[in-house]
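K.L.:
Below you'll find target.cif; it's mmCIF, C-alpha atoms and all ligand atoms.
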data_my_file
loop_
_atom_site.label_atom_id
_atom_site.label_comp_id
_atom_site.auth_asym_id
_atom_site.auth_seq_id
_atom_site.Cartn_x
_atom_site.Cartn_y
_atom_site.Cartn_z
CA MET A 1 68.89 76.08 -69.40
CA PRO A 2 69.95 79.04 -67.25
CA ASN A 3 67.86 79.96 -64.19
CA ARG A 4 65.78 76.87 -64.62
CA LYS A 5 65.95 73.64 -62.74
CA ARG A 6 67.08 70.89 -65.05
CA PRO A 7 64.61 68.02 -65.22
CA LEU A 8 65.75 64.67 -63.85
CA VAL A 9 65.81 62.42 -66.90
CA VAL A 10 66.39 58.71 -66.28
CA VAL A 11 67.73 56.92 -69.36
CA THR A 12 67.39 53.16 -69.02
CA ARG A 13 70.06 51.94 -71.49
CA LYS A 14 73.38 53.10 -72.89
CA LEU A 15 72.88 55.45 -75.84
CA PRO A 16 75.49 56.71 -78.35
CA ASP A 17 78.02 58.99 -76.62
CA ILE A 18 76.99 62.03 -78.62
CA VAL A 19 73.36 61.63 -77.45
CA GLU A 20 74.34 61.08 -73.82
CA THR A 21 76.66 64.09 -73.85
CA ARG A 22 73.94 66.36 -75.18
CA MET A 23 71.50 64.99 -72.59
CA ARG A 24 74.00 65.79 -69.85
CA GLU A 25 74.33 69.34 -71.19
CA LEU A 26 70.60 69.88 -71.20
CA PHE A 27 69.20 67.78 -68.37
CA ASP A 28 70.03 66.29 -65.03
CA ALA A 29 70.51 63.06 -66.97
CA ARG A 30 70.89 59.80 -65.08
CA LEU A 31 72.63 57.55 -67.57
CA ASN A 32 73.16 53.80 -67.62
CA LEU A 33 76.80 53.70 -68.58
CA ASP A 34 77.33 49.96 -68.15
CA ASP A 35 74.11 49.21 -70.07
CA LYS A 36 72.85 46.60 -67.60
CA PRO A 37 69.11 46.13 -68.22
CA MET A 38 67.07 47.62 -65.38
CA SER A 39 64.95 45.27 -63.28
CA HIS A 40 61.25 45.81 -62.72
CA ALA A 41 62.09 47.24 -59.29
CA ASP A 42 64.72 49.59 -60.80
CA LEU A 43 62.16 50.82 -63.30
CA ALA A 44 59.58 51.41 -60.58
CA GLU A 45 62.17 53.40 -58.61
CA ALA A 46 63.06 55.39 -61.75
CA ALA A 47 59.36 56.15 -62.31
CA ARG A 48 59.12 57.32 -58.68
CA VAL A 49 61.95 59.85 -58.83
CA ALA A 50 62.19 60.98 -62.45
CA ASP A 51 60.62 63.96 -64.20
CA VAL A 52 61.16 62.17 -67.49
CA LEU A 53 61.76 58.51 -68.21
CA VAL A 54 63.56 57.43 -71.39
CA PRO A 55 62.95 53.69 -71.81
CA THR A 56 63.61 51.34 -74.71
CA ILE A 57 61.98 48.19 -76.02
CA THR A 58 63.73 46.12 -73.33
CA ASP A 59 61.91 47.92 -70.48
CA HIS A 60 58.38 46.92 -69.63
CA ILE A 61 56.71 50.03 -68.37
CA ASP A 62 53.58 48.26 -67.20
CA ALA A 63 50.76 49.31 -64.88
CA ALA A 64 52.75 48.16 -61.83
CA VAL A 65 55.72 50.39 -62.74
CA LEU A 66 53.40 53.27 -63.57
CA GLY A 67 51.59 52.70 -60.28
CA GLN A 68 54.81 53.65 -58.52
CA SER A 69 55.28 56.86 -60.49
CA GLY A 70 55.59 59.96 -58.43
CA GLU A 71 53.93 63.34 -58.85
CA LYS A 72 56.93 64.43 -60.89
CA LEU A 73 56.80 61.95 -63.75
CA LYS A 74 55.03 63.74 -66.55
CA LEU A 75 56.76 62.42 -69.67
CA ILE A 76 57.87 59.04 -70.97
CA ALA A 77 60.04 59.76 -74.01
CA ASN A 78 60.48 56.31 -75.52
CA PHE A 79 63.75 55.68 -77.37
CA GLY A 80 62.06 53.67 -80.12
CA ASN A 81 59.24 53.75 -82.57
CA GLY A 82 57.07 50.93 -81.23
CA VAL A 83 55.49 51.66 -77.85
CA ASP A 84 54.27 48.15 -77.05
CA ASN A 85 56.77 48.10 -74.17
CA ILE A 86 54.65 50.75 -72.44
CA ASP A 87 51.13 50.55 -71.03
CA VAL A 88 50.25 53.75 -72.83
CA ALA A 89 46.58 53.76 -71.77
CA THR A 90 47.53 53.68 -68.07
CA ALA A 91 50.21 56.32 -68.58
CA LEU A 92 47.76 58.67 -70.28
CA GLN A 93 45.18 58.05 -67.55
CA ARG A 94 47.76 59.13 -65.02
CA GLY A 95 48.39 62.33 -66.96
CA ILE A 96 51.76 61.18 -68.30
CA THR A 97 52.56 62.13 -71.87
CA VAL A 98 54.20 59.43 -74.02
CA THR A 99 56.35 60.15 -77.06
CA ASN A 100 58.23 57.92 -79.53
CA THR A 101 60.76 58.34 -82.35
CA PRO A 102 58.93 57.85 -85.66
CA GLY A 103 60.37 58.56 -89.07
CA VAL A 104 64.07 58.27 -88.32
CA LEU A 105 64.30 54.48 -88.55
CA THR A 106 62.09 54.05 -91.61
CA GLU A 107 64.80 53.68 -94.25
CA ASP A 108 67.08 51.48 -92.11
CA THR A 109 64.26 49.11 -91.22
CA ALA A 110 63.11 48.98 -94.85
CA ASP A 111 66.68 48.14 -95.91
CA MET A 112 66.78 45.24 -93.47
CA THR A 113 63.38 44.05 -94.64
CA MET A 114 64.61 44.07 -98.24
CA ALA A 115 67.77 42.26 -97.15
CA LEU A 116 65.62 39.46 -95.68
CA ILE A 117 63.35 39.39 -98.75
CA LEU A 118 66.49 38.72 -100.78
CA ALA A 119 68.28 36.52 -98.27
CA VAL A 120 65.59 33.90 -97.71
CA PRO A 121 64.63 32.88 -101.28
CA ARG A 122 68.25 33.24 -102.48
CA ARG A 123 69.68 31.25 -99.53
CA LEU A 124 72.18 33.97 -98.66
CA ALA A 125 72.86 32.97 -95.06
CA GLU A 126 73.20 29.30 -95.97
CA GLY A 127 75.57 30.11 -98.83
CA SER A 128 77.75 32.37 -96.73
CA THR A 129 78.46 29.53 -94.29
CA VAL A 130 79.83 27.32 -97.08
CA LEU A 131 83.05 29.29 -97.38
CA SER A 132 83.43 30.08 -93.69
CA GLY A 133 82.73 26.50 -92.52
CA ASP A 134 85.20 23.67 -91.83
CA LYS A 135 84.80 21.87 -95.13
CA ASP A 136 86.32 22.96 -98.44
CA TRP A 137 83.98 24.15 -101.15
CA SER A 138 83.60 21.39 -103.72
CA GLY A 139 82.99 23.91 -106.51
CA TRP A 140 80.20 25.18 -108.71
CA THR A 141 77.60 22.84 -110.16
CA PRO A 142 74.53 23.71 -112.22
CA THR A 143 72.10 22.29 -109.69
CA TRP A 144 73.67 23.28 -106.39
CA MET A 145 72.35 25.96 -103.98
CA LEU A 146 69.37 26.78 -106.14
CA GLY A 147 67.06 29.30 -104.60
CA HIS A 148 64.09 31.09 -106.10
CA ARG A 149 63.84 34.23 -108.22
CA ILE A 150 62.15 37.22 -106.61
CA TRP A 151 61.77 39.33 -109.76
CA GLY A 152 58.18 39.19 -110.97
CA LYS A 153 56.82 37.73 -107.73
CA ARG A 154 54.07 39.20 -105.54
CA LEU A 155 54.92 40.87 -102.25
CA GLY A 156 52.09 41.34 -99.73
CA ILE A 157 52.86 44.04 -97.19
CA ILE A 158 50.93 43.96 -93.92
CA GLY A 159 50.95 47.53 -92.59
CA MET A 160 51.41 50.23 -95.22
CA GLY A 161 52.68 53.01 -92.98
CA ARG A 162 56.01 54.75 -93.39
CA ILE A 163 58.08 51.58 -93.20
CA GLY A 164 55.71 49.52 -95.36
CA GLN A 165 55.83 52.18 -98.07
CA ALA A 166 59.64 52.39 -97.89
CA VAL A 167 59.76 48.59 -98.31
CA ALA A 168 57.41 48.84 -101.30
CA ARG A 169 59.63 51.43 -102.99
CA ARG A 170 62.67 49.20 -102.67
CA ALA A 171 60.79 46.06 -103.65
CA ARG A 172 59.55 47.65 -106.86
CA ALA A 173 63.13 48.24 -107.92
CA PHE A 174 63.67 44.50 -107.51
CA GLY A 175 60.75 43.73 -109.81
CA LEU A 176 58.24 42.69 -107.16
CA GLN A 177 54.55 43.48 -107.54
CA ILE A 178 53.19 45.30 -104.52
CA HIS A 179 50.06 44.26 -102.66
CA TYR A 180 49.07 45.42 -99.22
CA HIS A 181 46.67 45.12 -96.34
CA ASN A 182 46.24 48.03 -93.96
CA ARG A 183 43.64 49.29 -91.52
CA ARG A 184 42.98 52.13 -93.93
CA ARG A 185 43.58 52.30 -97.64
CA VAL A 186 46.49 54.66 -98.41
CA PRO A 187 45.90 57.76 -100.57
CA ALA A 188 45.42 57.13 -104.28
CA GLU A 189 48.64 58.93 -105.20
CA VAL A 190 50.66 56.58 -102.97
CA GLU A 191 48.94 53.55 -104.49
CA GLU A 192 49.68 54.94 -107.95
CA GLU A 193 53.32 55.64 -107.22
CA LEU A 194 53.82 52.13 -105.84
CA GLU A 195 51.41 50.48 -108.30
CA ALA A 196 50.06 48.86 -105.16
CA THR A 197 46.97 46.67 -104.94
CA TYR A 198 44.88 47.01 -101.78
CA TRP A 199 43.30 44.01 -100.07
CA GLU A 200 40.66 44.80 -97.53
CA SER A 201 40.67 41.12 -96.60
CA LEU A 202 43.99 39.92 -95.22
CA ASP A 203 42.87 36.33 -95.68
CA GLN A 204 42.36 36.84 -99.40
CA MET A 205 45.72 38.56 -99.83
CA LEU A 206 47.62 35.88 -97.91
CA ALA A 207 46.39 33.11 -100.17
CA ARG A 208 47.74 34.84 -103.27
CA MET A 209 51.20 36.11 -102.29
CA ASP A 210 54.71 34.74 -102.87
CA ILE A 211 56.24 36.77 -100.03
CA ILE A 212 54.59 38.39 -97.02
CA SER A 213 56.29 41.22 -95.16
CA VAL A 214 55.05 42.25 -91.71
CA ASN A 215 55.42 45.99 -91.19
CA CYS A 216 52.63 46.87 -88.77
CA PRO A 217 52.96 47.77 -85.09
CA HIS A 218 52.15 45.32 -82.32
CA THR A 219 48.88 46.37 -80.72
CA PRO A 220 46.09 44.31 -79.15
CA ALA A 221 44.48 44.23 -82.61
CA THR A 222 47.59 42.85 -84.35
CA TYR A 223 48.61 40.25 -81.75
CA HIS A 224 48.93 36.95 -83.68
CA LEU A 225 47.43 38.60 -86.75
CA LEU A 226 49.27 35.85 -88.62
CA SER A 227 47.61 33.12 -86.60
CA ALA A 228 47.90 29.40 -87.33
CA ARG A 229 44.64 29.64 -89.27
CA ARG A 230 45.87 32.50 -91.43
CA LEU A 231 49.32 31.01 -92.02
CA LYS A 232 47.55 27.93 -93.37
CA LEU A 233 45.94 30.11 -96.03
CA MET A 234 49.37 30.81 -97.53
CA ARG A 235 50.83 28.81 -100.36
CA PRO A 236 53.44 26.19 -99.44
CA ASP A 237 56.01 27.90 -101.67
CA ALA A 238 55.55 31.29 -99.97
CA TYR A 239 57.88 33.11 -97.58
CA VAL A 240 57.25 35.34 -94.55
CA VAL A 241 59.51 38.19 -93.47
CA ASN A 242 59.07 40.07 -90.19
CA THR A 243 60.99 43.17 -89.11
CA ALA A 244 58.13 44.63 -87.04
CA ARG A 245 57.28 42.71 -83.87
CA GLY A 246 57.39 39.02 -83.10
CA GLU A 247 54.00 39.11 -81.44
CA VAL A 248 52.27 39.74 -84.78
CA ILE A 249 52.98 36.13 -85.85
CA ASP A 250 52.15 32.89 -84.06
CA GLU A 251 55.82 31.89 -84.02
CA ASN A 252 55.16 28.31 -82.98
CA ALA A 253 52.72 27.74 -85.81
CA LEU A 254 55.15 29.34 -88.27
CA ALA A 255 58.04 27.11 -87.15
CA ARG A 256 55.81 24.03 -87.24
CA MET A 257 54.65 24.76 -90.78
CA ILE A 258 58.16 25.37 -92.11
CA GLU A 259 59.35 22.16 -90.47
CA ALA A 260 56.48 20.32 -92.15
CA GLY A 261 57.19 21.89 -95.55
CA GLU A 262 53.88 23.78 -95.50
CA LEU A 263 55.68 27.11 -95.97
CA ALA A 264 58.93 27.68 -97.88
CA GLY A 265 60.82 29.73 -95.31
CA THR A 266 61.02 32.81 -93.18
CA GLY A 267 63.32 35.70 -92.35
CA LEU A 268 62.81 37.10 -88.88
CA ASP A 269 64.44 40.07 -87.18
CA VAL A 270 62.00 40.06 -84.25
CA PHE A 271 60.64 37.41 -81.90
CA GLU A 272 57.72 36.87 -79.58
CA ASN A 273 59.78 36.56 -76.39
CA GLU A 274 63.00 38.46 -77.04
CA PRO A 275 65.77 37.83 -76.25
CA ALA A 276 64.55 34.21 -76.10
CA VAL A 277 64.12 32.66 -79.52
CA ASN A 278 61.88 29.69 -80.19
CA PRO A 279 64.21 26.62 -80.22
CA LYS A 280 62.37 25.21 -83.25
CA LEU A 281 63.32 28.33 -85.20
CA VAL A 282 66.93 28.06 -84.06
CA ARG A 283 67.02 24.44 -85.24
CA LEU A 284 65.59 25.45 -88.61
CA ALA A 285 68.17 28.25 -88.89
CA ARG A 286 70.96 25.73 -88.23
CA ALA A 287 69.52 23.58 -90.98
CA GLY A 288 69.63 26.60 -93.31
CA LYS A 289 65.84 26.77 -93.64
CA VAL A 290 65.25 30.16 -92.05
CA VAL A 291 67.24 33.37 -91.54
CA LEU A 292 67.20 34.83 -88.04
CA LEU A 293 68.61 38.21 -87.04
CA PRO A 294 68.84 39.62 -83.50
CA HIS A 295 66.52 42.66 -83.81
CA MET A 296 68.90 44.68 -85.97
CA GLY A 297 66.38 46.42 -88.23
CA SER A 298 67.09 49.94 -87.05
CA ALA A 299 70.63 49.30 -85.82
CA THR A 300 72.65 51.95 -87.59
CA MET A 301 74.75 54.54 -85.80
CA GLU A 302 73.03 57.28 -87.81
CA GLY A 303 69.61 55.95 -86.85
CA ARG A 304 70.41 55.72 -83.16
CA ILE A 305 71.75 59.28 -83.12
CA ASP A 306 68.63 60.52 -84.91
CA MET A 307 66.48 58.65 -82.40
CA GLY A 308 68.38 60.32 -79.55
CA GLU A 309 67.89 63.69 -81.20
CA LYS A 310 64.14 63.05 -81.39
CA VAL A 311 64.02 62.06 -77.73
CA ILE A 312 65.83 65.28 -76.80
CA ILE A 313 63.52 67.42 -78.93
CA ASN A 314 60.48 65.76 -77.37
CA ILE A 315 61.78 66.40 -73.85
CA ARG A 316 62.85 69.99 -74.55
CA THR A 317 59.58 70.91 -76.22
CA PHE A 318 57.61 69.38 -73.38
CA MET A 319 59.70 71.13 -70.73
CA ASP A 320 59.20 74.42 -72.54
CA GLY A 321 55.46 73.96 -72.10
CA HIS A 322 54.62 72.93 -75.65
CA ARG A 323 53.19 69.77 -77.14
CA PRO A 324 56.08 67.50 -78.07
CA PRO A 325 56.09 66.60 -81.78
CA ASP A 326 55.92 62.82 -81.36
CA ARG A 327 53.10 62.35 -78.88
CA VAL A 328 51.53 58.91 -78.85
CA LEU A 329 47.77 59.36 -79.06
CA PRO A 330 45.08 56.84 -78.08
CA SER A 331 43.96 56.66 -81.74
CA MET A 332 47.39 55.27 -82.64
CA LEU A 333 47.04 52.26 -80.33
C1 LIG B 1 64.45 49.96 -81.77
C2 LIG B 1 62.27 49.17 -82.80
O1 LIG B 1 65.77 49.64 -81.87
O2 LIG B 1 61.93 51.47 -82.62
C3 LIG B 1 61.44 50.36 -82.65
O3 LIG B 1 60.22 50.18 -82.57
O4 LIG B 1 61.79 48.11 -82.97
C4 LIG B 1 63.71 49.11 -82.74
O5 LIG B 1 64.29 48.76 -83.90
C5 LIG B 1 64.01 49.71 -80.38
O6 LIG B 1 62.63 49.84 -80.24
C6 LIG B 1 64.69 50.62 -79.41
O7 LIG B 1 63.90 50.83 -78.27
#
Give the structure from the file, written as structure tokens.
Ligand code: 8YV
P.N.:
Amino acid sequence: MPNRKRPLVVVTRKLPDIVETRMRELFDARLNLDDKPMSHADLAEAARVADVLVPTITDHIDAAVLGQSGEKLKLIANFGNGVDNIDVATALQRGITVTNTPGVLTEDTADMTMALILAVPRRLAEGSTVLSGDKDWSGWTPTWMLGHRIWGKRLGIIGMGRIGQAVARRARAFGLQIHYHNRRRVPAEVEEELEATYWESLDQMLARMDIISVNCPHTPATYHLLSARRLKLMRPDAYVVNTARGEVIDENALARMIEAGELAGTGLDVFENEPAVNPKLVRLARAGKVVLLPHMGSATMEGRIDMGEKVIINIRTFMDGHRPPDRVLPSML
């Protein structure tokens, strides 16, 4: 950017080298090379001095942090799709634009969702420990390690946006019948392509599904959408998979019900209080009843580089005086 002052861009976590290098070329980029999570006070200081803040899911950009923001901070370019780590309403009120990185983690997250849909009923994680454990394998028997078939079962997708649709496409190839609940019904051609059945009532869908996949964002409206009451509507032989946000499910109620045999199992990539994981869930994972992953849904090198590219495009466009492509609008919250 010749003859132009480079914006001070504070990046809160370590990003792939290629992304950081490009940021250094384009901006006065303050990087976090040792990847130590920033404290609330560090974030407030970053908001005070930066022109642009690049946070991730691990940074809580709340009203207190935003309250410290200086005159300069005009853009928060989130490195991530979900923006529930940011108090977007307060940011917008303060005239700060917020952007995210949609689209580039759709396929990776859908792959991980499908992996959990397979792993839980087919006992993949449990089986893989048999050969890596201390005991010798006693050999094949006709009645050992029996899971459940997924072909021909019903999958209920909560949140039929980009990721939900990508999950549906994969699931169809595995012989699952697609059902969904969404704020709005998707266009008829999408329903036709996916042979998807729409349920306006989440309660009614839950009671009829073999597997539920959570693919909606965490917003005030979706907090504990799968509440204890709703989980009780599900059949005891049904499974729940979540690669979206932990907050969408009442985790305690879910763990309690699996422990009590009121639900067949769950595969979770996200948790209500990350990085803390409900001890009941950890116990169930040790007993082979649930599959837990440490928020890996979008963790591919390609995906992270694409996310970085999106962040850079959002910052550059904004600095050039245009509307960045991935603005977060109040209607999306
Ligand atoms: C990202 C995610 O890795 O983008 C999202 O919403 O949940 C993740 O998979 C994370 O948000 C990075 O900030």
K.L.:
How many Å separate atom CA of A:Lys36 from atom CA of A:Gly303?
P.N.:
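A separation of 21.6 Å between them.
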K.L.:
Identify, on the basis of all atoms listed in the file, every residue whose closest approach to A:Asp108 does not exceed 7 Å; exclude the query and any residue fewer than 4 positions from it along the same chain; express the result as a PyMOL selection string.
P.N.:
chain A and resi 112+297-298
K.L.:
What is the distance, in Å and to one decimal place, between atom C6 of ligand LIG 1 (chain B) and atom CA of A:Asn85?
P.N.:
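Separating atom C6 of ligand LIG 1 (chain B) from atom CA of A:Asn85 is a distance of 9.8 Å.
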K.L.:
Quick one: residues within 9 Å of ligand LIG 1 (chain B), with only C-alpha atoms and all ligand atoms, as a VMD selection string?
P.N.:
chain A and resid 55 to 59 78 to 85 100 to 102 105 109 217 243 to 245 270 295 to 299 303 to 304 307
K.L.:
How far is it from atom CA of A:Ala287 to atom CA of A:Val120, in Å with one decimal?
P.N.:
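Between atom CA of A:Ala287 and atom CA of A:Val120 the gap works out to 12.9 Å.
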K.L.:
What's the 7 Å shell around A:Leu75, counting only C-alpha atoms, without same-chain residues fewer than 2 positions away, as a count of residues only?
P.N.:
8
K.L.:
Quick one: everything within 12 Å of A:Glu25, counting only C-alpha atoms, minus sequence neighbours fewer than 5 positions away in the same chain. Send it as number ranges by chain.
P.N.:
A: 1-2, 6-7, 9, 18-20, 30, 312, 316
K.L.:
For a quick check of understanding, using all atoms listed in the file, which of A:Lys135, A:Arg149, A:Lys289, A:Lys74 has the smallest distance to A:Thr99?
P.N.:
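So, comparing all the options, the nearest one is A:Lys74.
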K.L.:
Identify the residues within 12 Å of coordinate (66.9, 27.2, -82.1) (same frame as the file), considering all atoms listed in the file, and give the answer as a compact mmCIF listing (two decimals) with C-alpha atoms, in the coordinates of the input.
P.N.:
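Output below, filename selection_2.txt:
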# COMPACT_ATOMS: atom_id res chain seq x y z
CA ASN A 252 55.16 28.31 -82.98
CA ALA A 255 58.04 27.11 -87.15
CA PHE A 271 60.64 37.41 -81.90
CA ALA A 276 64.55 34.21 -76.10
CA VAL A 277 64.12 32.66 -79.52
CA ASN A 278 61.88 29.69 -80.19
CA PRO A 279 64.21 26.62 -80.22
CA LYS A 280 62.37 25.21 -83.25
CA LEU A 281 63.32 28.33 -85.20
CA VAL A 282 66.93 28.06 -84.06
CA ARG A 283 67.02 24.44 -85.24
CA LEU A 284 65.59 25.45 -88.61
CA ALA A 285 68.17 28.25 -88.89
CA ARG A 286 70.96 25.73 -88.23
CA ALA A 287 69.52 23.58 -90.98
CA GLY A 288 69.63 26.60 -93.31
CA LYS A 289 65.84 26.77 -93.64
CA VAL A 290 65.25 30.16 -92.05
CA VAL A 291 67.24 33.37 -91.54
CA LEU A 292 67.20 34.83 -88.04
K.L.:
Mind giving me the axis-aligned box for stretch 124-127 of chain A with 4 Å on every side, centre plus edges in Å to one decimal, as lines of an AutoDock Vina configuration file?
P.N.:
center_x = 73.9
center_y = 31.6
center_z = -96.9
size_x = 11.4
size_y = 12.7
size_z = 11.8
K.L.:
Pick the closest to A:Ala47 from A:Arg172, A:Arg154, A:Lys72, A:His218: which is it, counting all atoms listed in the file?
P.N.:
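Closest candidate: A:Lys72.
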K.L.:
Determine the nearest neighbour of A:Phe27 from the options A:Ala171, A:Val328, A:Cys216, A:Met319, counting all atoms listed in the file.
P.N.:
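Closest candidate: A:Met319.
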K.L.:
Could I get stretch 154-163 of chain A from the block written as a PDB file, in the first residue's frame, with all heavy atoms?
P.N.:
ATOM      1  N   ARG A 154     -33.658 -41.922   9.377  1.00  0.00           N
ATOM      2  CA  ARG A 154     -34.064 -40.519   9.173  1.00  0.00           C
ATOM      3  C   ARG A 154     -33.120 -39.582   9.897  1.00  0.00           C
ATOM      4  O   ARG A 154     -32.899 -39.738  11.097  1.00  0.00           O
ATOM      5  CB  ARG A 154     -35.481 -40.289   9.682  1.00  0.00           C
ATOM      6  CG  ARG A 154     -36.524 -41.016   8.872  1.00  0.00           C
ATOM      7  CD  ARG A 154     -37.934 -40.520   9.181  1.00  0.00           C
ATOM      8  NE  ARG A 154     -38.868 -41.142   8.249  1.00  0.00           N
ATOM      9  CZ  ARG A 154     -39.505 -42.276   8.490  1.00  0.00           C
ATOM     10  NH1 ARG A 154     -39.349 -42.886   9.644  1.00  0.00           N
ATOM     11  NH2 ARG A 154     -40.308 -42.785   7.573  1.00  0.00           N
ATOM     12  N   LEU A 155     -32.604 -38.607   9.145  1.00  0.00           N
ATOM     13  CA  LEU A 155     -31.717 -37.599   9.727  1.00  0.00           C
ATOM     14  C   LEU A 155     -32.465 -36.274   9.796  1.00  0.00           C
ATOM     15  O   LEU A 155     -32.952 -35.776   8.781  1.00  0.00           O
ATOM     16  CB  LEU A 155     -30.465 -37.432   8.849  1.00  0.00           C
ATOM     17  CG  LEU A 155     -29.539 -36.260   9.218  1.00  0.00           C
ATOM     18  CD1 LEU A 155     -28.867 -36.490  10.566  1.00  0.00           C
ATOM     19  CD2 LEU A 155     -28.462 -36.055   8.136  1.00  0.00           C
ATOM     20  N   GLY A 156     -32.555 -35.693  10.983  1.00  0.00           N
ATOM     21  CA  GLY A 156     -33.199 -34.382  11.149  1.00  0.00           C
ATOM     22  C   GLY A 156     -32.136 -33.324  11.341  1.00  0.00           C
ATOM     23  O   GLY A 156     -31.383 -33.369  12.319  1.00  0.00           O
ATOM     24  N   ILE A 157     -32.058 -32.399  10.399  1.00  0.00           N
ATOM     25  CA  ILE A 157     -31.030 -31.358  10.452  1.00  0.00           C
ATOM     26  C   ILE A 157     -31.648 -30.088  11.035  1.00  0.00           C
ATOM     27  O   ILE A 157     -32.661 -29.598  10.531  1.00  0.00           O
ATOM     28  CB  ILE A 157     -30.454 -31.099   9.041  1.00  0.00           C
ATOM     29  CG1 ILE A 157     -29.785 -32.388   8.525  1.00  0.00           C
ATOM     30  CG2 ILE A 157     -29.477 -29.922   9.047  1.00  0.00           C
ATOM     31  CD1 ILE A 157     -29.241 -32.288   7.115  1.00  0.00           C
ATOM     32  N   ILE A 158     -31.041 -29.573  12.080  1.00  0.00           N
ATOM     33  CA  ILE A 158     -31.519 -28.314  12.665  1.00  0.00           C
ATOM     34  C   ILE A 158     -30.610 -27.217  12.138  1.00  0.00           C
ATOM     35  O   ILE A 158     -29.429 -27.166  12.480  1.00  0.00           O
ATOM     36  CB  ILE A 158     -31.469 -28.361  14.203  1.00  0.00           C
ATOM     37  CG1 ILE A 158     -32.308 -29.524  14.721  1.00  0.00           C
ATOM     38  CG2 ILE A 158     -31.927 -27.023  14.793  1.00  0.00           C
ATOM     39  CD1 ILE A 158     -32.291 -29.680  16.240  1.00  0.00           C
ATOM     40  N   GLY A 159     -31.152 -26.375  11.253  1.00  0.00           N
ATOM     41  CA  GLY A 159     -30.339 -25.320  10.632  1.00  0.00           C
ATOM     42  C   GLY A 159     -29.927 -25.742   9.236  1.00  0.00           C
ATOM     43  O   GLY A 159     -28.933 -26.430   9.061  1.00  0.00           O
ATOM     44  N   MET A 160     -30.740 -25.349   8.241  1.00  0.00           N
ATOM     45  CA  MET A 160     -30.474 -25.787   6.862  1.00  0.00           C
ATOM     46  C   MET A 160     -29.819 -24.660   6.070  1.00  0.00           C
ATOM     47  O   MET A 160     -30.287 -24.265   4.995  1.00  0.00           O
ATOM     48  CB  MET A 160     -31.791 -26.242   6.234  1.00  0.00           C
ATOM     49  CG  MET A 160     -31.640 -27.085   5.002  1.00  0.00           C
ATOM     50  SD  MET A 160     -30.685 -28.569   5.308  1.00  0.00           S
ATOM     51  CE  MET A 160     -31.684 -29.773   4.463  1.00  0.00           C
ATOM     52  N   GLY A 161     -28.745 -24.124   6.608  1.00  0.00           N
ATOM     53  CA  GLY A 161     -27.955 -23.131   5.870  1.00  0.00           C
ATOM     54  C   GLY A 161     -26.927 -23.861   5.016  1.00  0.00           C
ATOM     55  O   GLY A 161     -27.135 -25.018   4.633  1.00  0.00           O
ATOM     56  N   ARG A 162     -25.827 -23.188   4.752  1.00  0.00           N
ATOM     57  CA  ARG A 162     -24.794 -23.794   3.897  1.00  0.00           C
ATOM     58  C   ARG A 162     -24.326 -25.131   4.444  1.00  0.00           C
ATOM     59  O   ARG A 162     -24.246 -26.122   3.725  1.00  0.00           O
ATOM     60  CB  ARG A 162     -23.567 -22.880   3.832  1.00  0.00           C
ATOM     61  CG  ARG A 162     -23.730 -21.635   3.028  1.00  0.00           C
ATOM     62  CD  ARG A 162     -22.341 -20.995   2.905  1.00  0.00           C
ATOM     63  NE  ARG A 162     -22.435 -19.653   2.409  1.00  0.00           N
ATOM     64  CZ  ARG A 162     -22.659 -18.588   3.174  1.00  0.00           C
ATOM     65  NH1 ARG A 162     -22.802 -18.721   4.477  1.00  0.00           N
ATOM     66  NH2 ARG A 162     -22.740 -17.389   2.634  1.00  0.00           N
ATOM     67  N   ILE A 163     -23.990 -25.139   5.743  1.00  0.00           N
ATOM     68  CA  ILE A 163     -23.424 -26.369   6.315  1.00  0.00           C
ATOM     69  C   ILE A 163     -24.494 -27.461   6.389  1.00  0.00           C
ATOM     70  O   ILE A 163     -24.241 -28.608   6.007  1.00  0.00           O
ATOM     71  CB  ILE A 163     -22.790 -26.092   7.701  1.00  0.00           C
ATOM     72  CG1 ILE A 163     -21.610 -25.106   7.544  1.00  0.00           C
ATOM     73  CG2 ILE A 163     -22.294 -27.390   8.348  1.00  0.00           C
ATOM     74  CD1 ILE A 163     -20.985 -24.633   8.853  1.00  0.00           C
TER      75      ILE A 163
END
